[in-house]
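Everything below belongs to protein.txt, which stores compact mmCIF, C-alpha atoms.
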```txt
# COMPACT_ATOMS: atom_id res chain seq x y z
CA MET N 1 17.84 9.55 -22.55
CA ARG N 2 21.21 10.87 -21.55
CA LYS N 3 22.88 9.54 -18.42
CA ARG N 4 23.13 11.90 -15.46
CA CYS N 5 26.17 12.01 -13.23
CA VAL N 6 25.65 12.40 -9.51
CA VAL N 7 26.62 15.92 -8.48
CA PHE N 8 26.44 18.20 -5.47
CA ILE N 9 24.31 21.33 -5.78
CA ALA N 10 24.19 23.97 -3.06
CA GLY N 11 21.90 26.96 -2.66
CA SER N 12 19.02 28.45 -0.72
CA LEU N 13 16.20 25.91 -0.38
CA VAL N 14 13.14 26.32 1.80
CA GLY N 15 15.28 28.07 4.35
CA ALA N 16 17.98 25.43 3.93
CA THR N 17 20.92 24.57 1.74
CA LEU N 18 20.33 21.89 -0.84
CA THR N 19 22.94 19.22 -1.37
CA ILE N 20 21.98 16.54 -3.88
CA VAL N 21 23.62 13.16 -3.44
CA GLY N 22 23.05 9.78 -5.02
CA ALA N 23 21.40 7.63 -2.36
CA GLY N 24 18.25 5.67 -1.71
CA SER N 25 15.18 7.39 -0.27
CA SER N 26 11.66 6.64 0.87
CA THR N 27 8.81 9.09 0.60
CA GLU N 28 6.83 7.93 3.63
CA GLN N 29 7.97 7.27 7.19
CA SER N 30 5.05 5.23 8.55
CA ALA N 31 5.15 1.47 9.10
CA PRO N 32 5.85 -0.10 5.72
CA PRO N 33 2.94 -1.97 4.13
CA ALA N 34 3.51 -4.99 1.91
CA LYS N 35 5.81 -4.49 -1.07
CA ILE N 36 4.68 -5.47 -4.53
CA LYS N 37 6.74 -5.98 -7.65
CA THR N 38 5.51 -4.39 -10.84
CA GLN N 39 6.98 -4.05 -14.28
CA GLU N 40 8.57 -0.62 -14.50
CA PRO N 41 6.61 1.48 -17.03
CA VAL N 42 8.30 3.39 -19.80
CA VAL N 43 8.87 7.00 -18.76
CA THR N 44 7.70 9.49 -21.39
CA PRO N 45 8.07 13.29 -21.63
CA VAL N 46 5.30 15.64 -20.65
CA ALA N 47 3.70 17.09 -23.78
CA GLY N 48 1.08 19.51 -25.00
CA PRO N 49 -0.86 22.34 -23.39
CA SER N 50 -1.83 22.43 -19.74
CA TRP N 51 -5.16 21.07 -18.61
CA LEU N 52 -6.40 24.61 -17.93
CA ASN N 53 -5.57 25.66 -21.48
CA ARG N 54 -7.28 22.57 -22.86
CA LEU N 55 -10.41 23.54 -20.96
CA GLY N 56 -10.07 27.22 -21.85
CA LEU N 57 -10.01 28.22 -18.17
CA ARG N 58 -8.20 31.14 -16.61
CA TYR N 59 -6.14 30.31 -13.57
CA SER N 60 -8.09 32.83 -11.49
CA ASP N 61 -11.44 31.24 -12.38
CA THR N 62 -10.81 27.70 -11.15
CA SER N 63 -9.51 25.68 -8.22
CA LEU N 64 -8.07 22.95 -10.45
CA GLY N 65 -4.48 22.29 -9.49
CA ARG N 66 -4.66 24.37 -6.32
CA SER N 67 -7.58 23.15 -4.26
CA GLY N 68 -7.01 24.20 -0.66
CA ALA N 69 -4.05 26.29 -1.84
CA ALA N 70 -1.65 28.00 0.54
CA TYR N 71 0.83 30.69 -0.44
CA GLY N 72 4.33 31.54 0.65
CA PRO N 73 5.25 34.22 3.18
CA PRO N 74 6.01 37.81 2.16
CA PRO N 75 9.71 38.67 1.76
CA GLU N 76 10.09 40.12 5.26
CA GLN N 77 8.91 36.88 6.86
CA ARG N 78 11.21 34.49 5.05
CA PRO N 79 13.33 32.45 7.52
CA SER N 80 17.08 32.62 7.79
CA PRO N 81 18.84 29.70 6.10
CA PRO N 82 20.20 27.09 8.56
CA ASP N 83 22.92 24.55 7.96
CA ALA N 84 23.19 22.44 4.83
CA VAL N 85 20.69 19.60 4.46
CA PRO N 86 21.60 16.60 2.27
CA LEU N 87 18.98 15.58 -0.25
CA ALA N 88 19.28 12.06 -1.60
CA VAL N 89 18.23 11.72 -5.22
CA GLY N 90 18.80 9.55 -8.25
CA ARG N 91 17.97 6.07 -7.04
CA PRO N 92 14.73 4.08 -6.94
CA VAL N 93 12.18 5.02 -4.29
CA GLU N 94 9.25 3.23 -2.67
CA LEU N 95 5.80 4.71 -3.21
CA SER N 96 2.67 3.80 -1.29
CA GLY N 97 -0.90 4.46 -2.35
CA ALA N 98 -0.85 7.53 -0.12
CA ASP N 99 2.22 8.80 -1.98
CA LEU N 100 0.64 8.21 -5.38
CA TYR N 101 -2.49 10.03 -4.26
CA ARG N 102 -0.42 13.02 -3.10
CA LEU N 103 1.53 13.21 -6.35
CA ASN N 104 -1.40 12.74 -8.72
CA CYS N 105 -4.64 13.75 -6.98
CA GLN N 106 -4.17 15.96 -3.94
CA SER N 107 -3.66 19.27 -5.76
CA CYS N 108 -7.32 19.10 -6.84
CA HIS N 109 -9.02 16.78 -4.36
CA ARG N 110 -7.22 17.90 -1.20
CA ALA N 111 -5.61 15.63 1.37
CA GLU N 112 -9.03 14.65 2.68
CA GLY N 113 -10.39 13.69 -0.75
CA THR N 114 -13.20 16.22 -0.40
CA GLY N 115 -12.25 18.44 -3.35
CA SER N 116 -13.68 21.95 -3.73
CA PRO N 117 -17.40 21.56 -4.45
CA PRO N 118 -19.21 22.31 -6.62
CA GLU N 119 -16.35 22.52 -9.16
CA ILE N 120 -14.22 19.66 -7.83
CA LYS N 121 -16.27 16.84 -6.39
CA SER N 122 -15.35 14.69 -3.43
CA VAL N 123 -14.03 11.25 -4.26
CA LEU N 124 -15.25 9.76 -0.99
CA GLY N 125 -18.83 9.01 -2.05
CA LEU N 126 -17.82 7.04 -5.12
CA VAL N 127 -15.19 5.16 -3.14
CA GLN N 128 -17.69 4.31 -0.42
CA GLY N 129 -20.11 3.15 -3.11
CA SER N 130 -17.47 0.71 -4.35
CA SER N 131 -17.24 -0.95 -0.93
CA LEU N 132 -19.05 -4.27 -1.00
CA GLU N 133 -19.65 -4.19 2.73
CA LEU N 134 -21.04 -0.65 2.77
CA ALA N 135 -23.24 -1.38 -0.25
CA ARG N 136 -24.56 -4.53 1.41
CA ARG N 137 -25.36 -2.70 4.64
CA GLN N 138 -27.17 0.07 2.78
CA LEU N 139 -29.26 -2.34 0.72
CA GLN N 140 -30.14 -4.38 3.80
CA LYS N 141 -31.20 -1.17 5.53
CA GLU N 142 -33.46 -0.39 2.57
CA GLY N 143 -34.91 -3.89 2.71
CA THR N 144 -33.67 -4.86 -0.74
CA ALA N 145 -34.18 -8.52 -1.56
CA SER N 146 -31.01 -10.48 -2.41
CA ALA N 147 -28.91 -7.66 -0.98
CA GLY N 148 -25.73 -9.73 -1.38
CA SER N 149 -25.81 -10.08 -5.16
CA ALA N 150 -27.17 -6.56 -5.66
CA ALA N 151 -24.44 -5.15 -3.43
CA ARG N 152 -21.75 -6.97 -5.38
CA ALA N 153 -23.05 -5.64 -8.70
CA GLN N 154 -23.32 -2.11 -7.32
CA ALA N 155 -19.84 -2.14 -5.77
CA THR N 156 -18.27 -3.61 -8.91
CA ARG N 157 -19.91 -0.97 -11.08
CA ALA N 158 -18.82 1.87 -8.78
CA ARG N 159 -15.22 0.64 -8.72
CA ALA N 160 -15.14 0.32 -12.51
CA ASP N 161 -16.51 3.86 -12.84
CA LEU N 162 -13.83 5.16 -10.49
CA TYR N 163 -11.02 3.42 -12.38
CA GLN N 164 -12.34 4.71 -15.70
CA ARG N 165 -12.53 8.25 -14.35
CA ILE N 166 -8.91 8.10 -13.20
CA GLN N 167 -7.69 6.63 -16.49
CA LYS N 168 -9.79 8.65 -18.93
CA GLY N 169 -10.70 11.75 -16.95
CA GLY N 170 -14.02 13.56 -16.88
CA GLN N 171 -15.61 16.85 -17.80
CA ARG N 172 -13.05 18.84 -15.81
CA MET N 173 -10.78 16.07 -14.59
CA PRO N 174 -7.67 15.32 -16.63
CA ALA N 175 -6.95 11.76 -17.71
CA LEU N 176 -4.05 10.36 -15.72
CA ALA N 177 -2.88 8.30 -18.65
CA HIS N 178 0.60 7.80 -17.17
CA LEU N 179 -0.82 5.69 -14.33
CA GLN N 180 -0.68 1.92 -14.69
CA GLU N 181 -3.17 -0.50 -13.19
CA ALA N 182 -0.85 -1.20 -10.27
CA ASP N 183 -0.70 2.54 -9.53
CA ILE N 184 -4.49 2.85 -9.59
CA ASN N 185 -4.87 -0.25 -7.43
CA ALA N 186 -2.60 1.32 -4.82
CA ILE N 187 -4.44 4.66 -4.98
CA TYR N 188 -7.76 2.87 -4.68
CA ALA N 189 -6.60 0.92 -1.63
CA TYR N 190 -5.55 4.18 0.01
CA LEU N 191 -8.83 5.90 -0.89
CA THR N 192 -10.90 3.12 0.66
CA ARG N 193 -9.04 3.65 3.91
CA LEU N 194 -9.47 7.43 3.57
CA ALA N 195 -13.20 6.93 2.99
CA GLY N 196 -13.54 4.67 6.02
CA ALA N 197 -14.54 1.52 4.13
CA PRO N 198 -14.53 -1.48 6.50
CA ASP N 199 -13.35 -3.81 3.75
CA ALA N 200 -10.43 -1.69 2.54
CA PRO N 201 -7.84 -3.82 0.75
CA PRO N 202 -4.34 -4.04 2.25
CA GLN N 203 -1.98 -1.16 1.63
CA SER N 204 1.16 -1.78 -0.41
CA ARG N 205 4.35 -0.16 -1.62
CA GLN N 206 5.96 -0.40 -5.02
CA THR N 207 9.51 0.40 -6.02
CA THR N 208 9.82 2.91 -8.84
CA SER N 209 12.63 4.72 -10.59
CA PHE N 210 13.62 8.28 -9.76
CA ALA N 211 12.60 9.37 -13.27
CA ARG N 212 9.18 7.80 -12.77
CA LEU N 213 8.83 9.68 -9.47
CA GLY N 214 9.45 12.93 -11.33
CA GLU N 215 6.96 11.93 -14.02
CA HIS N 216 4.25 11.47 -11.37
CA VAL N 217 4.87 14.96 -9.95
CA VAL N 218 4.98 16.73 -13.30
CA LYS N 219 2.07 14.95 -14.99
CA GLY N 220 -0.06 14.54 -11.87
CA THR N 221 0.35 18.03 -10.41
CA CYS N 222 2.32 20.57 -12.44
CA HIS N 223 0.90 19.94 -15.93
CA ILE N 224 -2.55 20.99 -14.77
CA CYS N 225 -1.42 24.64 -14.98
CA HIS N 226 1.86 24.66 -16.96
CA ASP N 227 2.13 24.01 -20.72
CA ALA N 228 4.91 21.67 -21.74
CA VAL N 229 6.51 24.16 -24.14
CA GLY N 230 5.93 27.77 -25.02
CA PRO N 231 7.52 31.18 -25.52
CA ARG N 232 8.79 33.23 -22.63
CA PRO N 233 5.89 35.41 -21.39
CA SER N 234 6.42 39.15 -21.35
CA ARG N 235 6.18 41.07 -18.08
CA GLU N 236 2.79 42.36 -19.18
CA ALA N 237 1.60 38.83 -19.94
CA LEU N 238 2.75 37.60 -16.53
CA GLU N 239 0.89 40.45 -14.84
CA GLN N 240 -2.23 39.43 -16.76
CA GLY N 241 -2.01 35.85 -15.54
CA THR N 242 0.01 33.96 -18.17
CA ILE N 243 1.64 30.87 -16.67
CA PRO N 244 5.17 30.05 -17.92
CA ALA N 245 5.73 26.76 -19.73
CA PHE N 246 8.08 24.11 -18.36
CA THR N 247 10.72 24.99 -20.94
CA THR N 248 10.81 28.57 -19.65
CA LEU N 249 11.10 27.42 -16.06
CA LEU N 250 14.05 25.19 -16.91
CA ALA N 251 15.79 28.07 -18.68
CA ASP N 252 15.16 30.54 -15.85
CA LYS N 253 15.50 28.52 -12.66
CA PRO N 254 18.28 26.26 -11.38
CA ILE N 255 17.11 23.23 -9.44
CA VAL N 256 17.53 24.93 -6.05
CA ASP N 257 15.27 27.85 -6.98
CA PHE N 258 12.79 25.47 -8.58
CA VAL N 259 12.47 23.40 -5.41
CA THR N 260 12.24 26.54 -3.25
CA LYS N 261 9.48 28.01 -5.43
CA VAL N 262 7.38 24.84 -5.30
CA ARG N 263 7.90 24.00 -1.63
CA SER N 264 7.87 27.41 0.09
CA GLY N 265 7.06 30.05 -2.51
CA ALA N 266 9.16 32.94 -3.70
CA PRO N 267 8.26 36.64 -3.88
CA VAL N 268 8.06 38.19 -7.34
CA THR N 269 8.47 41.78 -8.41
CA MET N 270 6.09 43.18 -10.99
CA GLY N 271 3.79 46.09 -11.78
CA ASP N 272 4.31 49.79 -12.34
CA PRO N 273 5.23 50.98 -9.79
CA THR N 274 6.85 47.71 -8.79
CA PHE N 275 5.69 45.75 -5.77
CA HIS N 276 6.72 42.52 -4.12
CA TYR N 277 4.11 39.77 -4.31
CA ARG N 278 3.96 36.26 -2.93
CA GLY N 279 3.16 35.11 -6.44
CA ARG N 280 0.07 33.40 -7.82
CA MET N 281 1.54 29.90 -7.60
CA PRO N 282 0.49 28.06 -4.43
CA VAL N 283 2.98 26.38 -2.14
CA PHE N 284 2.86 22.61 -2.48
CA SER N 285 4.00 21.83 1.02
CA PHE N 286 2.65 18.28 0.72
CA LEU N 287 5.39 17.51 -1.79
CA GLN N 288 8.80 16.59 -0.45
CA ASP N 289 12.03 18.25 -1.54
CA VAL N 290 13.27 15.04 -3.14
CA GLU N 291 10.01 14.72 -5.12
CA VAL N 292 10.27 18.25 -6.49
CA ALA N 293 13.92 17.68 -7.34
CA ALA N 294 12.84 14.52 -9.19
CA ALA N 295 10.34 16.59 -11.17
CA TYR N 296 13.06 19.02 -12.23
CA MET N 297 15.44 16.25 -13.25
CA PHE N 298 12.64 14.50 -15.14
CA LEU N 299 12.04 17.68 -17.15
CA VAL N 300 15.76 17.93 -17.92
CA ASP N 301 16.28 14.29 -18.87
CA TYR N 302 12.97 13.98 -20.75
CA PRO N 303 12.61 17.40 -22.43
CA PRO N 304 8.98 18.61 -22.68
CA GLN N 305 7.35 18.10 -26.06
CA ALA N 306 4.92 20.22 -28.07
CA GLY N 307 2.74 17.26 -29.10
CA ASP N 308 -0.19 15.71 -27.32
CA SER N 309 0.49 14.08 -23.95
CA GLY N 310 -2.41 11.68 -24.31
CA ARG N 311 -4.82 13.67 -22.18
CA LYS N 312 -8.33 13.79 -23.56
```

Final structure tokens representation of the file:
Amino acid sequence: MRKRCVVFIAGSLVGATLTIVGAGSSTEQSAPPAKIKTQEPVVTPVAGPSWLNRLGLRYSDTSLGRSGAAYGPPPEQRPSPPDAVPLAVGRPVELSGADLYRLNCQSCHRAEGTGSPPEIKSVLGLVQGSSLELARRQLQKEGTASAGSAARAQATRARADLYQRIQKGGQRMPALAHLQEADINAIYAYLTRLAGAPDAPPQSRQTTSFARLGEHVVKGTCHICHDAVGPRPSREALEQGTIPAFTTLLADKPIVDFVTKVRSGAPVTMGDPTFHYRGRMPVFSFLQDVEVAAAYMFLVDYPPQAGDSGRK
């Protein structure tokens, strides 16, 4: 991987001016939970077709990657750009379980974990089933003999099923093969709190590299819809719903436009006669500017590959 120099980049960004500087950053402002030290995983390029293409699904026929989607304002409602806003990038960041859930799960399962039934199932039931205390209470309510041991077996099995689903995917759920056990542990701890489990494990933070932050965003959110590599779509193909590959986005959009598109949307002009549209891509307002910038820099420093990314 080539080394990147710290630079300053200015331009229109979500109604602001983007200035990228090399400084530390944290992706969550709440009271910090306990920090844990983990071995930094090897960062690998995103590769292969999108999850939608693997499933043979048209973007318009599914909620995968855009559950609870919102779209940007029309051109006439775009705000006037204020003063420059510094954006600190390039150094390690701290990620909590809530952060890891946002980056890897929220685009399908929503912030609440409820998904978009019947296509995208809620994660809350399975998480609640993995709670030893909730399982014990339910079995006691049903009058099950030896509720303690039965509850432990049930909760253990439910947690193992949840971990396997995250690691290996499901019928319509992509495998999040880039997640390590420490990542899944942190996500699980957050989900138990989200599901209201009384025995939720303590929340934690882990320090990760800026490249790894970008890898989470790209592989956990963007790769659901975007192929790693591919030819530039024609205007006709775009009008028919073709989604550009990452390599095309890198060639067409500087980092400022990339962040703006992801965070606030950007109108597009297409059709005959031509019209302005908000675009088909939803606005990922739950991602932070620095996280989207990390995704762009990850794609530059770890060029997308045509081979298989490990998703099954």

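Reported to one decimal place, the separation of atom CA of Val217 of chain N from atom CA of Ala88 of chain N is 16.9 Å.
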
Residues near Phe246 of chain N, cut-off 12 Å, all atoms listed in the file, skip fewer than 5 positions along chain, as JSON, numbers by chain: {"N": [45, 46, 47, 48, 49, 50, 218, 219, 222, 223, 224, 225, 226, 227, 228, 229, 230, 231, 232, 233, 251, 252, 253, 258, 295, 296, 297, 298, 299, 300, 302, 303, 304, 305, 306]}

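With all atoms listed in the file as the atoms that count, the residue of N:Gln206, N:Thr144, N:Gln106, N:Thr247 with the shortest distance to Val93 of chain N is N:Gln206.
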
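You will find atom CA of Gly97 of chain N at 7.0 Å from atom CA of Gln203 of chain N.
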
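Nearest to Thr242 of chain N of all the residues N:Ala195, N:Leu124, N:Met281, N:Ile166 is N:Met281, based on all atoms listed in the file.
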
Selection: 12 Å around Gly170 of chain N, only C-alpha atoms, excl. self and same-chain fewer than 3 positions, as JSON, numbers by chain: {"N": [51, 55, 120, 121, 161, 162, 163, 164, 165, 166, 167, 173, 174, 175, 176, 311, 312]}

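For the atom pair formed by atom CA of Leu126 of chain N and atom CA of Leu139 of chain N, the distance is 15.9 Å, given to one decimal.
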
Should you be able to, write segment 127-140 of chain N of this structure into a file that contains all heavy atoms, as a tab-separated table (two decimals), in the first residue's frame.
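Ended up saving to result14.tsv:
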```tsv
chain	number	residue	atom	x	y	z
N	127	VAL	N	-31.73	-11.71	19.12
N	127	VAL	CA	-30.89	-11.18	20.19
N	127	VAL	C	-31.55	-11.41	21.54
N	127	VAL	O	-30.89	-11.82	22.51
N	127	VAL	CB	-30.62	-9.68	19.96
N	127	VAL	CG1	-29.88	-9.08	21.16
N	127	VAL	CG2	-29.81	-9.47	18.69
N	128	GLN	N	-32.84	-11.17	21.63
N	128	GLN	CA	-33.54	-11.42	22.88
N	128	GLN	C	-33.50	-12.90	23.25
N	128	GLN	O	-33.39	-13.26	24.42
N	128	GLN	CB	-34.98	-10.93	22.77
N	128	GLN	CG	-35.09	-9.42	22.72
N	128	GLN	CD	-36.47	-8.94	22.31
N	128	GLN	OE1	-37.29	-9.71	21.80
N	128	GLN	NE2	-36.74	-7.66	22.52
N	129	GLY	N	-33.57	-13.77	22.23
N	129	GLY	CA	-33.50	-15.20	22.48
N	129	GLY	C	-32.15	-15.65	23.00
N	129	GLY	O	-32.03	-16.71	23.62
N	130	SER	N	-31.11	-14.83	22.75
N	130	SER	CA	-29.77	-15.18	23.22
N	130	SER	C	-29.51	-14.67	24.63
N	130	SER	O	-28.43	-14.89	25.17
N	130	SER	CB	-28.72	-14.60	22.27
N	130	SER	OG	-28.66	-13.18	22.39
N	131	SER	N	-30.48	-13.98	25.22
N	131	SER	CA	-30.34	-13.47	26.58
N	131	SER	C	-30.67	-14.58	27.56
N	131	SER	O	-31.79	-15.11	27.57
N	131	SER	CB	-31.28	-12.27	26.80
N	131	SER	OG	-31.43	-12.00	28.17
N	132	LEU	N	-29.73	-14.93	28.39
N	132	LEU	CA	-29.96	-15.99	29.38
N	132	LEU	C	-31.10	-15.63	30.32
N	132	LEU	O	-31.95	-16.46	30.63
N	132	LEU	CB	-28.68	-16.25	30.16
N	132	LEU	CG	-28.76	-17.29	31.29
N	132	LEU	CD1	-29.17	-18.64	30.73
N	132	LEU	CD2	-27.41	-17.38	32.01
N	133	GLU	N	-31.13	-14.39	30.75
N	133	GLU	CA	-32.15	-13.97	31.70
N	133	GLU	C	-33.54	-13.99	31.07
N	133	GLU	O	-34.50	-14.47	31.68
N	133	GLU	CB	-31.84	-12.57	32.22
N	133	GLU	CG	-32.86	-12.00	33.19
N	133	GLU	CD	-33.02	-12.84	34.45
N	133	GLU	OE1	-32.09	-13.60	34.79
N	133	GLU	OE2	-34.08	-12.73	35.09
N	134	LEU	N	-33.66	-13.49	29.84
N	134	LEU	CA	-34.97	-13.51	29.18
N	134	LEU	C	-35.42	-14.93	28.88
N	134	LEU	O	-36.61	-15.25	29.01
N	134	LEU	CB	-34.91	-12.69	27.89
N	134	LEU	CG	-34.74	-11.18	28.05
N	134	LEU	CD1	-34.69	-10.49	26.70
N	134	LEU	CD2	-35.88	-10.59	28.90
N	135	ALA	N	-34.48	-15.79	28.47
N	135	ALA	CA	-34.83	-17.18	28.22
N	135	ALA	C	-35.28	-17.88	29.50
N	135	ALA	O	-36.25	-18.65	29.50
N	135	ALA	CB	-33.64	-17.92	27.61
N	136	ARG	N	-34.60	-17.59	30.59
N	136	ARG	CA	-34.97	-18.20	31.87
N	136	ARG	C	-36.37	-17.77	32.31
N	136	ARG	O	-37.19	-18.58	32.74
N	136	ARG	CB	-33.94	-17.82	32.94
N	136	ARG	CG	-34.17	-18.48	34.29
N	136	ARG	CD	-33.19	-17.94	35.33
N	136	ARG	NE	-33.37	-16.51	35.53
N	136	ARG	CZ	-34.33	-15.99	36.29
N	136	ARG	NH1	-35.19	-16.80	36.92
N	136	ARG	NH2	-34.43	-14.70	36.45
N	137	ARG	N	-36.65	-16.46	32.18
N	137	ARG	CA	-37.96	-15.96	32.55
N	137	ARG	C	-39.07	-16.59	31.71
N	137	ARG	O	-40.13	-16.95	32.23
N	137	ARG	CB	-38.01	-14.45	32.39
N	137	ARG	CG	-37.13	-13.67	33.36
N	137	ARG	CD	-37.21	-12.18	33.06
N	137	ARG	NE	-36.28	-11.41	33.88
N	137	ARG	CZ	-36.13	-10.09	33.76
N	137	ARG	NH1	-36.85	-9.42	32.87
N	137	ARG	NH2	-35.26	-9.44	34.55
N	138	GLN	N	-38.82	-16.72	30.40
N	138	GLN	CA	-39.83	-17.30	29.53
N	138	GLN	C	-40.09	-18.76	29.87
N	138	GLN	O	-41.24	-19.20	29.91
N	138	GLN	CB	-39.38	-17.17	28.07
N	138	GLN	CG	-40.37	-17.70	27.05
N	138	GLN	CD	-41.70	-16.98	27.08
N	138	GLN	OE1	-41.75	-15.77	27.33
N	138	GLN	NE2	-42.78	-17.71	26.84
N	139	LEU	N	-39.04	-19.52	30.11
N	139	LEU	CA	-39.20	-20.93	30.43
N	139	LEU	C	-39.88	-21.11	31.79
N	139	LEU	O	-40.69	-22.03	31.98
N	139	LEU	CB	-37.85	-21.63	30.41
N	139	LEU	CG	-37.22	-21.77	29.03
N	139	LEU	CD1	-35.81	-22.33	29.13
N	139	LEU	CD2	-38.07	-22.65	28.12
N	140	GLN	N	-39.57	-20.25	32.75
N	140	GLN	CA	-40.24	-20.32	34.04
N	140	GLN	C	-41.73	-20.00	33.89
N	140	GLN	O	-42.58	-20.63	34.54
N	140	GLN	CB	-39.59	-19.35	35.02
N	140	GLN	CG	-38.24	-19.82	35.55
N	140	GLN	CD	-37.64	-18.84	36.54
N	140	GLN	OE1	-37.97	-17.65	36.54
N	140	GLN	NE2	-36.74	-19.32	37.40
```
